[in-house]
2 protein chains.
Amino acid sequence: MKKQKKKPALKGLGDGLKRTPQRLAILDFLDGNTSHPSAEQVYKAVSKKYQSMSFATVYNTLHALTKAGSLKELGIDPDRRRYDPNTATHHHFICLKCKRIVDVMDEIRIALPKSAVKECSVVDSHVEFFGYCAACKKKAKS
Amino acid sequence: MKKQKKKPALKGLGDGLKRTPQRLAILDFLDGNTSHPSAEQVYKAVSKKYQSMSFATVYNTLHALTKAGSLKELGIDPDRRRYDPNTATHHHFICLKCKRIVDVMDEIRIALPKSAVKECSVVDSHVEFFGYCAACKKKAKS
DNA sequence: TCATGATTTGGAATGATTATATGTTAAAAA
DNA sequence: TTTTTAACATATAATCATTCCAAATCATGA
Ligand SMILES: [Mn+2]
Ligand SMILES: [Mn+2]
Ligand SMILES: [Zn+2]
Ligand SMILES: [Zn+2]
């Protein structure tokens with residue numbers, strides 16, 4: 001029987017990156033994760049399984065993965081950087097109350113404004129939706 | 001003759017905020033400013049004219065103005081908060097090279113995806129375009 | 001003018017991230 | 001397998017943006 005393994009949303013370590021247990025642990029936590037965790041959340045989660053994990057290693061690995069193109073740094077949260085293993089172009093809904101960040105995978109056709117295209121070259125775009133998530137909406141009705 | 005005054009892009013101090021020289025100086029710098037300055041840039045600019053300006057006051061004022069709805073905090077730059085006196089819904093182009101943030105005032109019709117509307121209530125949205133600005137594009141061709 | 005609560009200020013505190021120095025190890029060569 | 005070594009992990013210090021704090025000052029209304 002093949003070792004069970006869910007479809008990896010994460011590309012994995014790139015190029016000549018060493019396959020260290022720390023990196024594999026971080027990679028495993030990130031794989032398929034849609035919570036857009038911060039460095040601290042990664043650290044906390046991975047520390048449990050892999051005691052002796054250093055905070056610096058988390059940052060190092062997050063940077064390495066980002067450079068390798070297996071991870072995206074999100075600037076959404078002004079307070080701390082968040083990471084997204086889903087590197088395909090997609091968008092996000094941010095709850096103004098609980099700060100949860102939810103994927104919006106729907107393809108959004110953005111009519112690139114002429115003014116932007118005229119002189120600049122647009123490589124990518126990202127839509128942020130702000131509002132109140134289902135849970136917070138429900139609470140407000142109490 | 002009426003006191004000459006350019007059309008204010010900035011709403012001004014809200015409610016019961018005292019009209020202090022510091023706040024007026026910051027307000028004056030921000031008025032019509034489209035550079036999306038950071039707190040430090042505000043501090044540097046205003047310090048010149050208003051010596052003795054404190055960094056804490058800049059933060060206090062930026063917060064007060066934000067709460068009053070005369071200013072918007074931008075989460076675009078992961079390294080530091082940036083402020084936008086233009087509180088009308090508009091979008092931004094971010095140059096991946098020089099990090100410049102340029103307004104995209106064109107109205108963009110975003111087809112709100114069903115999945116987002118279903119359970120959540122969307123209050124606002126913001127599009128970030130990433131690419132290379134005219135100046136950086138030109139440089140690259142050298 | 002006076003009283004007073006709001007505001008300013010400098011400096012200390014915090015929290016996220018980065019840098020450094022040193023011991024460790026994955027991986028490739030022998 | 002053993003050797004070799006650049007890459008890596010770790011602890012800790014340093015940095016940088018932002019917030020907090022307590023004391024001094026000030027704007028505004030009575
Ligand atoms: Mn995402
Ligand atoms: Mn703007
Ligand atoms: Zn919520
Ligand atoms: Zn540029």
# chains A, B, ... in the order shown; residues from 1 in each chain; ligands from 1
call {"tool": "residues_around", "arguments": {"residues": "DA24 in chain D", "least_positions_apart": "3", "cutoff": "12 Å", "atoms": "only C-alpha atoms (C1' of nucleotides)", "output": "compact mmCIF listing (two decimals) with all heavy atoms, in the first residue's frame"}}
result
# COMPACT_ATOMS: atom_id res chain seq x y z
P DT C 7 -7.44 65.99 21.75
OP1 DT C 7 -7.88 66.55 20.45
OP2 DT C 7 -7.53 64.55 22.03
O5' DT C 7 -5.92 66.44 21.97
C5' DT C 7 -5.62 67.83 21.93
C4' DT C 7 -4.14 68.03 22.10
O4' DT C 7 -3.77 67.82 23.49
C3' DT C 7 -3.24 67.09 21.29
O3' DT C 7 -2.36 67.91 20.53
C2' DT C 7 -2.51 66.26 22.33
C1' DT C 7 -2.51 67.21 23.53
N1 DT C 7 -2.41 66.57 24.87
C2 DT C 7 -1.42 67.02 25.72
O2 DT C 7 -0.62 67.89 25.42
N3 DT C 7 -1.40 66.40 26.95
C4 DT C 7 -2.25 65.41 27.38
O4 DT C 7 -2.13 64.95 28.51
C5 DT C 7 -3.26 65.00 26.44
C7 DT C 7 -4.22 63.92 26.82
C6 DT C 7 -3.29 65.59 25.24
P DT C 8 -1.34 67.32 19.53
OP1 DT C 8 -1.38 68.18 18.34
OP2 DT C 8 -1.58 65.86 19.41
O5' DT C 8 0.04 67.55 20.27
C5' DT C 8 0.37 68.85 20.72
C4' DT C 8 1.70 68.80 21.44
O4' DT C 8 1.52 68.14 22.72
C3' DT C 8 2.80 68.02 20.70
O3' DT C 8 3.97 68.82 20.66
C2' DT C 8 2.97 66.74 21.53
C1' DT C 8 2.53 67.19 22.92
N1 DT C 8 1.94 66.12 23.80
C2 DT C 8 2.38 66.01 25.11
O2 DT C 8 3.25 66.70 25.58
N3 DT C 8 1.75 65.02 25.83
C4 DT C 8 0.76 64.17 25.40
O4 DT C 8 0.27 63.35 26.16
C5 DT C 8 0.34 64.35 24.03
C7 DT C 8 -0.73 63.47 23.47
C6 DT C 8 0.95 65.31 23.31
P DT C 9 5.18 68.39 19.78
OP1 DT C 9 5.80 69.63 19.24
OP2 DT C 9 4.75 67.34 18.86
O5' DT C 9 6.17 67.75 20.84
C5' DT C 9 6.26 68.34 22.14
C4' DT C 9 7.09 67.47 23.07
O4' DT C 9 6.19 66.60 23.82
C3' DT C 9 8.10 66.54 22.38
O3' DT C 9 9.39 66.79 22.89
C2' DT C 9 7.63 65.13 22.75
C1' DT C 9 6.78 65.36 23.98
N1 DT C 9 5.66 64.40 24.13
C2 DT C 9 5.37 63.87 25.36
O2 DT C 9 5.99 64.16 26.37
N3 DT C 9 4.32 62.99 25.39
C4 DT C 9 3.54 62.60 24.31
O4 DT C 9 2.63 61.81 24.46
C5 DT C 9 3.90 63.19 23.04
C7 DT C 9 3.13 62.84 21.80
C6 DT C 9 4.93 64.05 23.01
P DG C 10 10.65 66.45 22.02
OP1 DG C 10 11.52 67.62 21.96
OP2 DG C 10 10.21 65.76 20.80
O5' DG C 10 11.34 65.38 22.98
C5' DG C 10 11.68 65.78 24.31
C4' DG C 10 11.96 64.54 25.12
O4' DG C 10 10.75 63.78 25.30
C3' DG C 10 12.98 63.58 24.48
O3' DG C 10 13.95 63.25 25.48
C2' DG C 10 12.14 62.40 24.00
C1' DG C 10 10.93 62.43 24.95
N9 DG C 10 9.68 61.97 24.36
C8 DG C 10 9.27 62.13 23.06
N7 DG C 10 8.08 61.63 22.84
C5 DG C 10 7.68 61.09 24.06
C6 DG C 10 6.49 60.41 24.44
O6 DG C 10 5.51 60.14 23.75
N1 DG C 10 6.50 60.05 25.79
C2 DG C 10 7.53 60.30 26.64
N2 DG C 10 7.36 59.88 27.88
N3 DG C 10 8.65 60.93 26.31
C4 DG C 10 8.66 61.30 25.01
call {"tool": "select_by_dssp", "arguments": {"residues": "range 74-136 of chain A", "states": "helix (DSSP H, G or I)", "output": "VMD selection string"}}
result
chain A and resid 114 to 119 134 to 136
call {"tool": "write_last_selection", "arguments": {"atoms": "C-alpha atoms", "output": "tab-separated table (two decimals), in the first residue's frame"}}
result
chain	number	residue	atom	x	y	z
A	114	LYS	CA	-5.84	52.26	-19.72
A	115	SER	CA	-3.95	54.67	-17.53
A	116	ALA	CA	-2.11	51.82	-15.85
A	117	VAL	CA	-1.26	49.98	-19.02
A	118	LYS	CA	-0.13	53.02	-20.92
A	119	GLU	CA	3.33	53.33	-19.46
A	134	ALA	CA	-20.29	34.64	8.10
A	135	ALA	CA	-19.35	33.96	11.72
A	136	CYS	CA	-18.99	37.61	12.66
call {"tool": "residues_near_ligand", "arguments": {"ligand": "ligand 1", "cutoff": "7 Å", "atoms": "only C-alpha atoms (C1' of nucleotides) and all ligand atoms", "output": "ChimeraX atom specification"}}
result
/A:34,36,84,86,90-92,102-103
call {"tool": "residues_near_ligand", "arguments": {"ligand": "ligand 3", "cutoff": "8 Å", "atoms": "only C-alpha atoms (C1' of nucleotides) and all ligand atoms", "output": "list in words"}}
result
Ile94, Cys95, Leu96, Lys97, Cys98, Lys99, Arg100, Tyr132, Cys133, Ala134, Ala135, Cys136 and Lys137 of chain A
call {"tool": "closest_residue", "arguments": {"among": "D:DT3, D:DT15, D:DT10, D:DC26", "to": "chain A", "atoms": "only C-alpha atoms (C1' of nucleotides)"}}
result
D:DT10
call {"tool": "residues_near_ligand", "arguments": {"ligand": "ligand 2", "cutoff": "12 Å", "atoms": "only C-alpha atoms (C1' of nucleotides) and all ligand atoms", "output": "ChimeraX atom specification"}}
result
/B:9,30,32-37,71-76,82-94,100-106,126-128
call {"tool": "select_by_dssp", "arguments": {"residues": "chain B", "states": "strand (DSSP E or B)", "output": "list in words"}}
result
Ser38, Lys72, Glu73, Leu74, Arg82, Tyr83, Asp84, His91, His92, Phe93, Ile94, Cys95, Ile101, Val102, Asp103, Val104, Ser121, Val122, Val123, Asp124, Ser125, His126, Val127, Glu128, Phe129, Phe130, Gly131 and Tyr132 of chain B
call {"tool": "atom_distance", "arguments": {"atom1": "C1' of DG5 in chain C", "atom2": "CA of Val58 in chain B"}}
result
20.6 Å
call {"tool": "interface_residues", "arguments": {"of": "chain D", "to": "chain A", "cutoff": "12 Å", "atoms": "only C-alpha atoms (C1' of nucleotides)", "output": "list in words"}}
result
DA6, DA7, DC8, DA9, DT10, DA11, DT12, DA17 and DT18 of chain D
call {"tool": "atom_distance", "arguments": {"atom1": "CA of Arg23 in chain A", "atom2": "CA of Ser70 in chain A"}}
result
12.6 Å
call {"tool": "closest_residue", "arguments": {"among": "A:Ser121, A:Ala68, A:Lys138, A:Pro78", "to": "ligand 4", "atoms": "only C-alpha atoms and all ligand atoms"}}
result
A:Ser121
call {"tool": "interface_residues", "arguments": {"of": "chain C", "to": "chain A", "cutoff": "12 Å", "atoms": "only C-alpha atoms (C1' of nucleotides)", "output": "ChimeraX atom specification"}}
result
/C:15-20,24-28
call {"tool": "write_last_selection", "arguments": {"atoms": "N, CA and C atoms (P, O5', C5', C4', C3', O3' and C1' of nucleotides)", "output": "mmCIF file, in the first residue's frame"}}
result
data_model
loop_
_atom_site.group_PDB
_atom_site.id
_atom_site.type_symbol
_atom_site.label_atom_id
_atom_site.label_comp_id
_atom_site.auth_asym_id
_atom_site.auth_seq_id
_atom_site.Cartn_x
_atom_site.Cartn_y
_atom_site.Cartn_z
ATOM 1 P P DG C 15 4.573 42.709 23.517
ATOM 2 O "O5'" DG C 15 4.600 42.529 21.943
ATOM 3 C "C5'" DG C 15 4.316 43.640 21.099
ATOM 4 C "C4'" DG C 15 4.759 43.310 19.692
ATOM 5 C "C3'" DG C 15 5.070 41.835 19.447
ATOM 6 O "O3'" DG C 15 4.651 41.515 18.138
ATOM 7 C "C1'" DG C 15 6.980 43.113 18.987
ATOM 8 P P DA C 16 4.745 40.034 17.594
ATOM 9 O "O5'" DA C 16 5.453 40.266 16.187
ATOM 10 C "C5'" DA C 16 4.893 41.209 15.298
ATOM 11 C "C4'" DA C 16 5.941 41.576 14.270
ATOM 12 C "C3'" DA C 16 6.495 40.387 13.488
ATOM 13 O "O3'" DA C 16 6.472 40.700 12.106
ATOM 14 C "C1'" DA C 16 8.257 41.626 14.477
ATOM 15 P P DT C 17 6.871 39.574 11.063
ATOM 16 O "O5'" DT C 17 8.423 39.887 10.805
ATOM 17 C "C5'" DT C 17 8.777 41.174 10.344
ATOM 18 C "C4'" DT C 17 10.282 41.329 10.405
ATOM 19 C "C3'" DT C 17 11.080 40.253 9.651
ATOM 20 O "O3'" DT C 17 11.744 40.908 8.574
ATOM 21 C "C1'" DT C 17 12.051 40.798 11.756
ATOM 22 P P DT C 18 12.752 40.136 7.664
ATOM 23 O "O5'" DT C 18 14.155 40.503 8.324
ATOM 24 C "C5'" DT C 18 14.472 41.868 8.538
ATOM 25 C "C4'" DT C 18 15.881 41.967 9.091
ATOM 26 C "C3'" DT C 18 16.931 41.144 8.334
ATOM 27 O "O3'" DT C 18 18.042 42.000 8.121
ATOM 28 C "C1'" DT C 18 16.998 40.642 10.638
ATOM 29 P P DA C 19 19.325 41.475 7.390
ATOM 30 O "O5'" DA C 19 20.351 41.273 8.589
ATOM 31 C "C5'" DA C 19 20.621 42.372 9.453
ATOM 32 C "C4'" DA C 19 21.714 41.963 10.440
ATOM 33 C "C3'" DA C 19 22.883 41.190 9.822
ATOM 34 O "O3'" DA C 19 24.078 41.686 10.395
ATOM 35 C "C1'" DA C 19 21.888 39.900 11.541
ATOM 36 P P DT C 20 25.479 41.134 9.881
ATOM 37 O "O5'" DT C 20 26.080 40.322 11.118
ATOM 38 C "C5'" DT C 20 25.756 40.733 12.449
ATOM 39 C "C4'" DT C 20 26.310 39.716 13.434
ATOM 40 C "C3'" DT C 20 27.471 38.862 12.896
ATOM 41 O "O3'" DT C 20 28.381 38.642 13.952
ATOM 42 C "C1'" DT C 20 25.752 37.456 13.595
ATOM 43 P P DT C 24 27.871 20.940 18.350
ATOM 44 O "O5'" DT C 24 27.075 20.832 16.978
ATOM 45 C "C5'" DT C 24 25.716 21.285 16.933
ATOM 46 C "C4'" DT C 24 25.115 20.894 15.597
ATOM 47 C "C3'" DT C 24 25.305 19.430 15.185
ATOM 48 O "O3'" DT C 24 24.029 18.935 14.845
ATOM 49 C "C1'" DT C 24 25.921 20.876 13.412
ATOM 50 P P DT C 25 23.814 17.422 14.405
ATOM 51 O "O5'" DT C 25 23.728 17.576 12.829
ATOM 52 C "C5'" DT C 25 22.737 18.432 12.277
ATOM 53 C "C4'" DT C 25 22.787 18.340 10.766
ATOM 54 C "C3'" DT C 25 22.902 16.903 10.239
ATOM 55 O "O3'" DT C 25 22.167 16.837 9.041
ATOM 56 C "C1'" DT C 25 24.659 18.183 9.399
ATOM 57 P P DA C 26 21.200 15.601 8.745
ATOM 58 O "O5'" DA C 26 20.881 15.878 7.218
ATOM 59 C "C5'" DA C 26 20.430 17.176 6.837
ATOM 60 C "C4'" DA C 26 20.906 17.501 5.435
ATOM 61 C "C3'" DA C 26 20.685 16.380 4.425
ATOM 62 O "O3'" DA C 26 20.348 16.985 3.189
ATOM 63 C "C1'" DA C 26 23.021 16.795 4.657
ATOM 64 P P DA C 27 19.931 16.127 1.934
ATOM 65 O "O5'" DA C 27 21.310 16.042 1.138
ATOM 66 C "C5'" DA C 27 21.961 17.261 0.800
ATOM 67 C "C4'" DA C 27 23.301 16.937 0.176
ATOM 68 C "C3'" DA C 27 23.285 15.748 -0.787
ATOM 69 O "O3'" DA C 27 24.127 16.067 -1.862
ATOM 70 C "C1'" DA C 27 24.930 15.431 0.818
ATOM 71 P P DA C 28 23.893 15.360 -3.289
ATOM 72 O "O5'" DA C 28 25.282 15.666 -3.993
ATOM 73 C "C5'" DA C 28 26.036 16.807 -3.598
ATOM 74 C "C4'" DA C 28 27.503 16.427 -3.468
ATOM 75 C "C3'" DA C 28 27.949 15.357 -4.474
ATOM 76 O "O3'" DA C 28 29.240 15.664 -4.953
ATOM 77 C "C1'" DA C 28 28.448 14.662 -2.314
#
call {"tool": "closest_residue", "arguments": {"among": "A:Ile108, A:Thr66, A:Gly131, A:Cys120", "to": "ligand 4", "atoms": "only C-alpha atoms and all ligand atoms"}}
result
A:Cys120
call {"tool": "atom_distance", "arguments": {"atom1": "CA of Leu62 in chain B", "atom2": "C1' of DA13 in chain C"}}
result
20.8 Å
call {"tool": "closest_residue", "arguments": {"among": "A:His63, A:Lys44, A:Lys49, A:Arg109", "to": "Ser125 in chain A", "atoms": "only C-alpha atoms"}}
result
A:Arg109
call {"tool": "closest_residue", "arguments": {"among": "A:Val122, A:Ala111, A:Val42, A:Leu24", "to": "ligand 4", "atoms": "only C-alpha atoms and all ligand atoms"}}
result
A:Val122
call {"tool": "closest_residue", "arguments": {"among": "B:Leu27, B:Ala45, B:Ile110, B:Ala140", "to": "chain A", "atoms": "only C-alpha atoms"}}
result
B:Ile110
